[in-house]
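**Student:** mmCIF, C-alpha atoms (C1' of nucleotides), file entry-v2.cif:
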```cif
data_my_file
#
loop_
_atom_site.group_PDB
_atom_site.id
_atom_site.type_symbol
_atom_site.label_atom_id
_atom_site.label_comp_id
_atom_site.auth_asym_id
_atom_site.auth_seq_id
_atom_site.Cartn_x
_atom_site.Cartn_y
_atom_site.Cartn_z
ATOM 1 C CA MET A 7 14.649 3.266 -27.801
ATOM 2 C CA SER A 8 16.130 5.210 -24.893
ATOM 3 C CA SER A 9 14.678 4.756 -21.443
ATOM 4 C CA LYS A 10 13.691 8.413 -21.474
ATOM 5 C CA LYS A 11 11.587 7.889 -24.558
ATOM 6 C CA ASN A 12 10.135 4.743 -23.045
ATOM 7 C CA VAL A 13 8.998 6.501 -19.886
ATOM 8 C CA LEU A 14 7.220 9.085 -22.019
ATOM 9 C CA ALA A 15 5.942 6.481 -24.488
ATOM 10 C CA ILE A 16 4.327 4.509 -21.673
ATOM 11 C CA TYR A 17 2.677 7.665 -20.429
ATOM 12 C CA ARG A 18 1.281 8.538 -23.839
ATOM 13 C CA LEU A 19 -0.027 5.036 -24.517
ATOM 14 C CA LEU A 20 -1.778 4.893 -21.176
ATOM 15 C CA GLU A 21 -3.222 8.369 -21.458
ATOM 16 C CA GLY A 22 -4.462 7.537 -24.942
ATOM 17 C CA HIS A 23 -6.279 4.556 -23.506
ATOM 18 C CA PHE A 24 -7.647 5.897 -20.238
ATOM 19 C CA GLY A 25 -7.882 9.625 -20.922
ATOM 20 C CA ASP A 26 -7.778 12.157 -18.109
ATOM 21 C CA LEU A 27 -8.371 10.363 -14.806
ATOM 22 C CA GLN A 28 -8.576 13.405 -12.517
ATOM 23 C CA TRP A 29 -7.167 11.884 -9.342
ATOM 24 C CA TRP A 30 -7.418 11.809 -6.309
ATOM 25 C CA PRO A 31 -11.067 10.758 -5.841
ATOM 26 C CA ALA A 32 -11.671 13.094 -2.896
ATOM 27 C CA GLU A 33 -12.875 16.623 -2.401
ATOM 28 C CA LYS A 34 -10.562 18.151 0.174
ATOM 29 C CA PRO A 35 -6.882 17.715 1.082
ATOM 30 C CA PHE A 36 -7.755 16.297 4.496
ATOM 31 C CA GLU A 37 -9.885 13.603 2.874
ATOM 32 C CA VAL A 38 -7.008 12.708 0.594
ATOM 33 C CA ILE A 39 -4.710 12.245 3.581
ATOM 34 C CA ILE A 40 -7.178 10.025 5.414
ATOM 35 C CA GLY A 41 -7.789 8.035 2.235
ATOM 36 C CA ALA A 42 -4.050 7.607 1.710
ATOM 37 C CA ILE A 43 -3.703 5.988 5.128
ATOM 38 C CA LEU A 44 -6.833 3.857 4.805
ATOM 39 C CA THR A 45 -5.919 2.493 1.382
ATOM 40 C CA GLN A 46 -2.663 0.927 2.567
ATOM 41 C CA ASN A 47 -2.713 -2.613 1.149
ATOM 42 C CA THR A 48 -6.461 -2.295 0.699
ATOM 43 C CA SER A 49 -8.769 -1.929 -2.275
ATOM 44 C CA TRP A 50 -10.265 1.510 -2.790
ATOM 45 C CA LYS A 51 -13.791 0.057 -2.774
ATOM 46 C CA ASN A 52 -13.401 -0.867 0.876
ATOM 47 C CA VAL A 53 -11.860 2.490 1.690
ATOM 48 C CA GLU A 54 -14.849 4.285 0.171
ATOM 49 C CA LYS A 55 -17.189 2.678 2.676
ATOM 50 C CA ALA A 56 -15.001 3.807 5.554
ATOM 51 C CA ILE A 57 -14.764 7.332 4.125
ATOM 52 C CA GLN A 58 -18.546 7.501 3.785
ATOM 53 C CA ASN A 59 -18.958 6.437 7.417
ATOM 54 C CA LEU A 60 -16.523 9.093 8.581
ATOM 55 C CA LYS A 61 -18.223 11.723 6.470
ATOM 56 C CA ARG A 62 -21.699 10.824 7.698
ATOM 57 C CA GLU A 63 -20.512 11.104 11.311
ATOM 58 C CA LYS A 64 -18.800 14.450 10.607
ATOM 59 C CA CYS A 65 -15.456 12.884 11.382
ATOM 60 C CA LEU A 66 -13.789 13.840 8.119
ATOM 61 C CA VAL A 67 -12.533 17.108 9.561
ATOM 62 C CA PRO A 68 -9.326 17.343 11.620
ATOM 63 C CA GLU A 69 -10.825 18.643 14.857
ATOM 64 C CA ASN A 70 -13.540 15.976 15.116
ATOM 65 C CA LEU A 71 -11.395 13.053 14.121
ATOM 66 C CA TYR A 72 -8.740 14.199 16.557
ATOM 67 C CA ARG A 73 -11.288 14.283 19.396
ATOM 68 C CA ALA A 74 -13.168 11.099 18.443
ATOM 69 C CA LYS A 75 -12.698 8.106 20.715
ATOM 70 C CA LYS A 76 -10.597 5.219 19.482
ATOM 71 C CA GLU A 77 -13.486 2.748 19.619
ATOM 72 C CA ARG A 78 -15.661 5.042 17.553
ATOM 73 C CA VAL A 79 -13.034 5.517 14.853
ATOM 74 C CA GLU A 80 -12.418 1.757 14.761
ATOM 75 C CA ALA A 81 -16.109 1.103 14.186
ATOM 76 C CA LEU A 82 -16.357 3.720 11.443
ATOM 77 C CA ILE A 83 -13.339 2.586 9.444
ATOM 78 C CA LYS A 84 -13.922 -1.136 9.923
ATOM 79 C CA PRO A 85 -14.803 -1.840 6.263
ATOM 80 C CA SER A 86 -11.339 -0.713 5.168
ATOM 81 C CA GLY A 87 -9.679 -3.548 7.082
ATOM 82 C CA TYR A 88 -6.762 -3.473 9.573
ATOM 83 C CA TYR A 89 -9.064 -1.189 11.497
ATOM 84 C CA ARG A 90 -7.087 -1.273 14.739
ATOM 85 C CA VAL A 91 -3.702 -0.433 13.224
ATOM 86 C CA LYS A 92 -5.256 2.129 10.938
ATOM 87 C CA THR A 93 -7.046 3.862 13.795
ATOM 88 C CA ARG A 94 -3.691 4.112 15.553
ATOM 89 C CA ARG A 95 -2.121 5.493 12.375
ATOM 90 C CA LEU A 96 -4.842 8.084 11.895
ATOM 91 C CA LYS A 97 -4.450 9.188 15.495
ATOM 92 C CA LYS A 98 -0.686 9.446 15.138
ATOM 93 C CA PHE A 99 -1.071 11.637 12.083
ATOM 94 C CA LEU A 100 -3.602 13.862 13.841
ATOM 95 C CA GLU A 101 -1.335 14.250 16.852
ATOM 96 C CA PHE A 102 1.377 15.370 14.449
ATOM 97 C CA LEU A 103 -0.982 17.772 12.662
ATOM 98 C CA PHE A 104 -2.133 19.382 15.908
ATOM 99 C CA ASP A 105 1.236 19.397 17.631
ATOM 100 C CA GLU A 106 3.065 20.943 14.686
ATOM 101 C CA TYR A 107 0.451 22.976 12.816
ATOM 102 C CA ASP A 108 -2.389 23.496 15.254
ATOM 103 C CA GLY A 109 -4.554 21.167 13.173
ATOM 104 C CA CYS A 110 -4.283 23.301 10.037
ATOM 105 C CA VAL A 111 -3.631 21.295 6.865
ATOM 106 C CA ALA A 112 -2.892 24.425 4.831
ATOM 107 C CA ASP A 113 -0.198 25.430 7.318
ATOM 108 C CA MET A 114 1.323 21.977 7.052
ATOM 109 C CA PHE A 115 1.585 22.317 3.288
ATOM 110 C CA GLY A 116 3.022 25.810 3.718
ATOM 111 C CA GLU A 117 6.177 24.088 4.792
ATOM 112 C CA ASP A 118 8.983 23.258 2.352
ATOM 113 C CA TRP A 119 7.916 19.887 0.946
ATOM 114 C CA ARG A 120 11.281 18.199 1.413
ATOM 115 C CA THR A 121 11.222 19.085 5.085
ATOM 116 C CA LEU A 122 7.609 18.005 5.362
ATOM 117 C CA ARG A 123 8.396 14.674 3.708
ATOM 118 C CA GLU A 124 11.053 13.964 6.315
ATOM 119 C CA LYS A 125 8.637 14.844 9.106
ATOM 120 C CA LEU A 126 5.827 12.716 7.696
ATOM 121 C CA LEU A 127 8.144 9.723 7.436
ATOM 122 C CA LYS A 128 8.796 10.010 11.158
ATOM 123 C CA VAL A 129 5.082 9.639 11.908
ATOM 124 C CA ASN A 130 4.408 6.023 12.809
ATOM 125 C CA GLY A 131 2.240 4.493 10.112
ATOM 126 C CA ILE A 132 3.303 6.789 7.301
ATOM 127 C CA GLY A 133 5.830 5.212 4.951
ATOM 128 C CA GLU A 134 7.233 6.460 1.664
ATOM 129 C CA GLU A 135 4.240 5.784 -0.538
ATOM 130 C CA THR A 136 1.746 7.251 1.904
ATOM 131 C CA ALA A 137 3.924 10.321 2.490
ATOM 132 C CA ASP A 138 4.322 10.889 -1.228
ATOM 133 C CA SER A 139 0.614 10.389 -1.928
ATOM 134 C CA ILE A 140 -0.118 13.013 0.694
ATOM 135 C CA LEU A 141 2.420 15.422 -0.776
ATOM 136 C CA LEU A 142 1.301 14.982 -4.384
ATOM 137 C CA TYR A 143 -2.428 14.460 -4.159
ATOM 138 C CA ALA A 144 -3.281 16.536 -1.104
ATOM 139 C CA GLY A 145 -0.511 19.128 -1.251
ATOM 140 C CA GLN A 146 0.119 19.437 -5.010
ATOM 141 C CA LYS A 147 3.850 19.014 -4.457
ATOM 142 C CA PRO A 148 6.065 17.678 -7.273
ATOM 143 C CA VAL A 149 6.608 14.174 -5.847
ATOM 144 C CA PHE A 150 6.167 11.016 -7.913
ATOM 145 C CA VAL A 151 4.367 8.222 -6.055
ATOM 146 C CA ILE A 152 5.776 4.704 -6.382
ATOM 147 C CA ASP A 153 3.508 1.781 -5.610
ATOM 148 C CA GLN A 154 3.402 -1.934 -6.363
ATOM 149 C CA TYR A 155 1.841 -1.380 -9.777
ATOM 150 C CA THR A 156 4.512 1.133 -10.758
ATOM 151 C CA ARG A 157 7.238 -1.236 -9.642
ATOM 152 C CA ARG A 158 5.671 -4.195 -11.461
ATOM 153 C CA ILE A 159 5.028 -2.419 -14.739
ATOM 154 C CA PHE A 160 8.422 -0.714 -15.008
ATOM 155 C CA SER A 161 10.359 -3.824 -14.033
ATOM 156 C CA ARG A 162 8.397 -6.101 -16.373
ATOM 157 C CA HIS A 163 9.172 -3.753 -19.196
ATOM 158 C CA GLY A 164 12.839 -3.924 -18.341
ATOM 159 C CA LEU A 165 13.234 -0.313 -17.288
ATOM 160 C CA ILE A 166 14.140 -0.937 -13.660
ATOM 161 C CA ASP A 167 15.421 -3.798 -11.555
ATOM 162 C CA GLY A 168 12.638 -5.653 -9.745
ATOM 163 C CA LYS A 169 14.583 -5.296 -6.512
ATOM 164 C CA ALA A 170 15.247 -1.575 -6.902
ATOM 165 C CA GLY A 171 14.544 0.534 -3.829
ATOM 166 C CA TYR A 172 11.727 3.070 -3.569
ATOM 167 C CA GLU A 173 13.750 6.241 -4.047
ATOM 168 C CA GLU A 174 15.806 4.603 -6.781
ATOM 169 C CA ILE A 175 12.685 3.980 -8.851
ATOM 170 C CA GLN A 176 11.411 7.439 -8.048
ATOM 171 C CA ARG A 177 14.617 9.022 -9.300
ATOM 172 C CA PHE A 178 14.626 6.878 -12.433
ATOM 173 C CA ILE A 179 11.192 8.144 -13.391
ATOM 174 C CA THR A 180 11.486 11.786 -12.385
ATOM 175 C CA ASP A 181 14.872 12.069 -14.120
ATOM 176 C CA ARG A 182 13.021 11.277 -17.348
ATOM 177 C CA LEU A 183 10.055 13.593 -16.946
ATOM 178 C CA PRO A 184 9.596 17.348 -16.692
ATOM 179 C CA VAL A 185 8.858 18.500 -13.131
ATOM 180 C CA ASP A 186 5.114 18.843 -13.466
ATOM 181 C CA VAL A 187 2.533 18.202 -10.742
ATOM 182 C CA PRO A 188 -0.457 17.440 -13.015
ATOM 183 C CA LEU A 189 1.762 15.073 -15.027
ATOM 184 C CA TYR A 190 2.932 13.194 -11.912
ATOM 185 C CA ASN A 191 -0.650 13.024 -10.711
ATOM 186 C CA GLN A 192 -2.015 11.659 -13.965
ATOM 187 C CA TYR A 193 0.872 9.255 -14.584
ATOM 188 C CA HIS A 194 0.560 7.478 -11.267
ATOM 189 C CA ALA A 195 -3.216 7.283 -11.652
ATOM 190 C CA LEU A 196 -2.729 5.720 -15.090
ATOM 191 C CA LEU A 197 -0.305 3.140 -13.712
ATOM 192 C CA VAL A 198 -2.716 2.125 -10.965
ATOM 193 C CA ASN A 199 -5.583 1.780 -13.421
ATOM 194 C CA THR A 200 -3.420 -0.265 -15.746
ATOM 195 C CA GLY A 201 -2.374 -2.543 -12.924
ATOM 196 C CA LYS A 202 -5.931 -3.053 -11.758
ATOM 197 C CA GLN A 203 -7.363 -3.622 -15.186
ATOM 198 C CA PHE A 204 -4.690 -5.595 -17.022
ATOM 199 C CA CYS A 205 -1.945 -7.060 -14.869
ATOM 200 C CA LYS A 206 -4.007 -10.053 -13.853
ATOM 201 C CA LYS A 207 -6.748 -10.306 -16.450
ATOM 202 C CA ASP A 208 -4.344 -9.903 -19.345
ATOM 203 C CA PRO A 209 -0.955 -11.231 -18.199
ATOM 204 C CA LEU A 210 0.428 -11.430 -21.722
ATOM 205 C CA CYS A 211 -0.433 -7.826 -22.572
ATOM 206 C CA ILE A 212 -2.669 -8.792 -25.487
ATOM 207 C CA THR A 213 -5.212 -6.058 -24.930
ATOM 208 C CA CYS A 214 -3.101 -3.955 -22.554
ATOM 209 C CA PRO A 215 -2.221 -0.553 -24.021
ATOM 210 C CA LEU A 216 1.425 -1.384 -23.240
ATOM 211 C CA GLY A 217 1.324 -4.532 -25.325
ATOM 212 C CA ARG A 218 3.522 -2.915 -27.963
ATOM 213 C CA ILE A 219 6.234 -1.929 -25.501
ATOM 214 C CA ARG A 220 9.115 -4.346 -25.057
ATOM 215 C CA ARG A 221 8.881 -6.697 -22.094
ATOM 216 C CA THR A 222 11.647 -8.616 -20.364
ATOM 217 C CA ARG A 223 12.393 -12.138 -21.515
ATOM 218 C CA THR A 224 10.994 -13.617 -18.335
ATOM 219 C CA GLY A 225 7.711 -12.217 -19.594
ATOM 220 C CA GLY A 226 4.541 -12.990 -17.743
ATOM 221 C CA SER A 227 2.258 -10.420 -16.253
ATOM 222 C CA HIS A 228 3.497 -6.997 -15.387
ATOM 223 C "C1'" DG B 9 -12.449 -21.376 0.069
ATOM 224 C "C1'" DA B 10 -8.324 -19.534 -1.617
ATOM 225 C "C1'" DC B 11 -6.361 -15.320 -3.145
ATOM 226 C "C1'" DC B 12 -5.753 -10.478 -3.488
ATOM 227 C "C1'" DA B 13 -5.953 -5.350 -2.529
ATOM 228 C "C1'" DG B 14 -3.149 1.975 -4.350
ATOM 229 C "C1'" DG B 15 1.707 -0.636 3.005
ATOM 230 C "C1'" DC B 16 3.872 -0.404 7.210
ATOM 231 C "C1'" DA B 17 6.216 -1.616 11.500
ATOM 232 C "C1'" DC B 18 8.509 -4.801 13.988
ATOM 233 C "C1'" DA B 19 11.029 -9.259 15.013
ATOM 234 C "C1'" DT B 20 14.544 -12.195 13.774
ATOM 235 C "C1'" DC B 21 18.492 -13.890 11.496
ATOM 236 C "C1'" DG C 18 20.706 -5.357 5.299
ATOM 237 C "C1'" DA C 19 17.534 -8.961 3.814
ATOM 238 C "C1'" DT C 20 13.647 -11.682 4.855
ATOM 239 C "C1'" DG C 21 9.364 -13.042 7.372
ATOM 240 C "C1'" DT C 22 5.093 -11.954 9.794
ATOM 241 C "C1'" DG C 23 0.843 -9.672 11.663
ATOM 242 C "C1'" DC C 24 -2.663 -6.702 10.658
ATOM 243 C "C1'" DA C 25 -8.645 -7.606 8.575
ATOM 244 C "C1'" DT C 26 -12.323 -6.530 5.502
ATOM 245 C "C1'" DG C 27 -14.802 -7.392 1.154
ATOM 246 C "C1'" DG C 28 -14.674 -8.629 -3.818
ATOM 247 C "C1'" DT C 29 -13.433 -12.232 -7.497
#
```
Could you quickly redo this structure as structure tokens?
**Tutor:**
Amino acid sequence: MSSKKNVLAIYRLLEGHFGDLQWWPAEKPFEVIIGAILTQNTSWKNVEKAIQNLKREKCLVPENLYRAKKERVEALIKPSGYYRVKTRRLKKFLEFLFDEYDGCVADMFGEDWRTLREKLLKVNGIGEETADSILLYAGQKPVFVIDQYTRRIFSRHGLIDGKAGYEEIQRFITDRLPVDVPLYNQYHALLVNTGKQFCKKDPLCITCPLGRIRRTRTGGSH
DNA sequence: GACCAGGCACATC
DNA sequence: GATGTGCATGGT
């Protein structure tokens, strides 16, 4: 089977199992951005608590979060872990948003997304995955998000090298899919759910929807 | 009580 | 350029 068929086959198997996941779990683009920063190396459960705190204190809007004191933000986002670095990262993003777009998220996304991606990557605390999550899930831009689950699943199934770089994996996948924002959105969500639900509990892919897809000889969990 | 979670920056070699 | 380390909470 060609790798192109495999990329689509994986998508169909996962969608058949999980259905339509409707990501990102947030209401407004600004919330998505904040969530994307808070969820760095952190479970979403913990992030939810932090988001709720911010929302309750009316700090989930650009102006208020920008003005809020460091100590206050630290206290509010504490449940999401790394609260000092993440407060710094949130502040850095907000400085960028206000300096460049007068605090207007819609204006930010009015920019050409390739240019915006480059700018986001220059913001301290925003790396490739966070930038791409922001572009796809907050801005509806056609950017495929690569995370640890994506890397694990595709390399275990022999489609990519385990040591492949971020943009290499991204190209591999997008070269084999139509350019389609809802598809990119759903596919990444499916991969994350698969990783969470099966990669550890079912390392041999017995009940995993991908159990029928070829794995590498080294086997083990994906 | 380990081990892990939807990363990233920075130091060191 | 590759590899190692700090950052921190809450669930399993």
**Student:** I'd like a table as a Markdown table: residues in chain A with an atom no more than 10 Å from chain B, each row giving the shortest atom pair and its distance in Å to one decimal, all atoms listed in the file counted, sorted by chain and rising residue number.
**Tutor:**
```
| residue | atom | partner | partner_atom | distance |
| --- | --- | --- | --- | --- |
| A:Ala42 | CA | B:DG14 | C1' | 8.3 |
| A:Ile43 | CA | B:DG15 | C1' | 8.8 |
| A:Leu44 | CA | B:DG15 | C1' | 9.8 |
| A:Thr45 | CA | B:DG14 | C1' | 6.4 |
| A:Gln46 | CA | B:DG15 | C1' | 4.7 |
| A:Asn47 | CA | B:DG15 | C1' | 5.2 |
| A:Thr48 | CA | B:DA13 | C1' | 4.5 |
| A:Ser49 | CA | B:DA13 | C1' | 4.4 |
| A:Trp50 | CA | B:DG14 | C1' | 7.3 |
| A:Lys51 | CA | B:DA13 | C1' | 9.5 |
| A:Asn52 | CA | B:DA13 | C1' | 9.3 |
| A:Val91 | CA | B:DC16 | C1' | 9.7 |
| A:Arg95 | CA | B:DC16 | C1' | 9.9 |
| A:Asn130 | CA | B:DA17 | C1' | 8.0 |
| A:Gly131 | CA | B:DC16 | C1' | 5.9 |
| A:Ile132 | CA | B:DC16 | C1' | 7.2 |
| A:Gly133 | CA | B:DC16 | C1' | 6.4 |
| A:Glu134 | CA | B:DG15 | C1' | 9.1 |
| A:Glu135 | CA | B:DG15 | C1' | 7.8 |
| A:Thr136 | CA | B:DG15 | C1' | 8.0 |
| A:Ser139 | CA | B:DG14 | C1' | 9.5 |
| A:Val151 | CA | B:DG14 | C1' | 9.9 |
| A:Ile152 | CA | B:DG14 | C1' | 9.6 |
| A:Asp153 | CA | B:DG14 | C1' | 6.8 |
| A:Gln154 | CA | B:DG14 | C1' | 7.9 |
| A:Tyr155 | CA | B:DG14 | C1' | 8.1 |
| A:His194 | CA | B:DG14 | C1' | 9.6 |
| A:Ala195 | CA | B:DG14 | C1' | 9.0 |
| A:Leu197 | CA | B:DG14 | C1' | 9.9 |
| A:Val198 | CA | B:DG14 | C1' | 6.6 |
| A:Asn199 | CA | B:DG14 | C1' | 9.4 |
| A:Gly201 | CA | B:DG14 | C1' | 9.7 |
| A:Lys202 | CA | B:DG14 | C1' | 9.4 |
```
**Student:** Please produce a file of those selected residues containing C-alpha atoms, as a PDB file, in the coordinates of the input.
**Tutor:**
```
ATOM      1  CA  ALA A  42      -4.050   7.607   1.710  1.00  0.00           C
ATOM      2  CA  ILE A  43      -3.703   5.988   5.128  1.00  0.00           C
ATOM      3  CA  LEU A  44      -6.833   3.857   4.805  1.00  0.00           C
ATOM      4  CA  THR A  45      -5.919   2.493   1.382  1.00  0.00           C
ATOM      5  CA  GLN A  46      -2.663   0.927   2.567  1.00  0.00           C
ATOM      6  CA  ASN A  47      -2.713  -2.613   1.149  1.00  0.00           C
ATOM      7  CA  THR A  48      -6.461  -2.295   0.699  1.00  0.00           C
ATOM      8  CA  SER A  49      -8.769  -1.929  -2.275  1.00  0.00           C
ATOM      9  CA  TRP A  50     -10.265   1.510  -2.790  1.00  0.00           C
ATOM     10  CA  LYS A  51     -13.791   0.057  -2.774  1.00  0.00           C
ATOM     11  CA  ASN A  52     -13.401  -0.867   0.876  1.00  0.00           C
ATOM     12  CA  VAL A  91      -3.702  -0.433  13.224  1.00  0.00           C
ATOM     13  CA  ARG A  95      -2.121   5.493  12.375  1.00  0.00           C
ATOM     14  CA  ASN A 130       4.408   6.023  12.809  1.00  0.00           C
ATOM     15  CA  GLY A 131       2.240   4.493  10.112  1.00  0.00           C
ATOM     16  CA  ILE A 132       3.303   6.789   7.301  1.00  0.00           C
ATOM     17  CA  GLY A 133       5.830   5.212   4.951  1.00  0.00           C
ATOM     18  CA  GLU A 134       7.233   6.460   1.664  1.00  0.00           C
ATOM     19  CA  GLU A 135       4.240   5.784  -0.538  1.00  0.00           C
ATOM     20  CA  THR A 136       1.746   7.251   1.904  1.00  0.00           C
ATOM     21  CA  SER A 139       0.614  10.389  -1.928  1.00  0.00           C
ATOM     22  CA  VAL A 151       4.367   8.222  -6.055  1.00  0.00           C
ATOM     23  CA  ILE A 152       5.776   4.704  -6.382  1.00  0.00           C
ATOM     24  CA  ASP A 153       3.508   1.781  -5.610  1.00  0.00           C
ATOM     25  CA  GLN A 154       3.402  -1.934  -6.363  1.00  0.00           C
ATOM     26  CA  TYR A 155       1.841  -1.380  -9.777  1.00  0.00           C
ATOM     27  CA  HIS A 194       0.560   7.478 -11.267  1.00  0.00           C
ATOM     28  CA  ALA A 195      -3.216   7.283 -11.652  1.00  0.00           C
ATOM     29  CA  LEU A 197      -0.305   3.140 -13.712  1.00  0.00           C
ATOM     30  CA  VAL A 198      -2.716   2.125 -10.965  1.00  0.00           C
ATOM     31  CA  ASN A 199      -5.583   1.780 -13.421  1.00  0.00           C
ATOM     32  CA  GLY A 201      -2.374  -2.543 -12.924  1.00  0.00           C
ATOM     33  CA  LYS A 202      -5.931  -3.053 -11.758  1.00  0.00           C
TER      34      LYS A 202
END
```
**Student:** Produce a table with one row for each residue of chain C that has an atom at most 7 Å from any atom of chain A, each row naming the nearest atom pair and its distance in Å at one decimal; use only C-alpha atoms (C1' of nucleotides); arrange rows by chain and rising residue number; format as a tab-separated table.
**Tutor:**
```
residue	atom	partner	partner_atom	distance
C:DC24	C1'	A:Tyr88	CA	5.3
C:DA25	C1'	A:Gly87	CA	4.4
C:DT26	C1'	A:Gly87	CA	4.3
C:DG27	C1'	A:Asn52	CA	6.7
```
**Student:** Mind giving me the straight-line distance from CA of Lys125 (chain A) to CA of Gly171 (chain A) in Å, one decimal?
**Tutor:** 20.2 Å
**Student:** In Å, with one decimal, what is the gap from CA of Asp181 (chain A) to CA of Gln146 (chain A)?
**Tutor:**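 CA of Asp181 (chain A) sits 18.8 Å away from CA of Gln146 (chain A).
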**Student:** How many Å separate CA of Thr156 (chain A) from CA of Leu127 (chain A)?
**Tutor:** 20.4 Å
**Student:** Written as a list in words, which residues does the PyMOL selection byres ((chain A and resi 219) around 9) give for the file shown?
**Tutor:** Asn12, Ala15, Ile16, His163, Pro215, Leu216, Gly217, Arg218, Arg220 and Arg221 of chain A
**Student:** So which residues get picked by the PyMOL selection byres ((chain A and resi 98-106) around 8) here, written as a ChimeraX atom specification?
**Tutor:** /A:68,71-72,94-97,107-111,114,129-131
**Student:** Carefully work through the PyMOL selection byres ((chain A and resi 170) around 12) for this structure and note down the residues it includes, as a list of chain:residue names.
**Tutor:**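 Matching residues under the PyMOL selection byres ((chain A and resi 170) around 12) are A:Ile152, A:Gln154, A:Thr156, A:Arg157, A:Arg158, A:Phe160, A:Ser161, A:Gly164, A:Leu165, A:Ile166, A:Asp167, A:Gly168, A:Lys169, A:Gly171, A:Tyr172, A:Glu173, A:Glu174, A:Ile175, A:Gln176, A:Arg177, A:Phe178.
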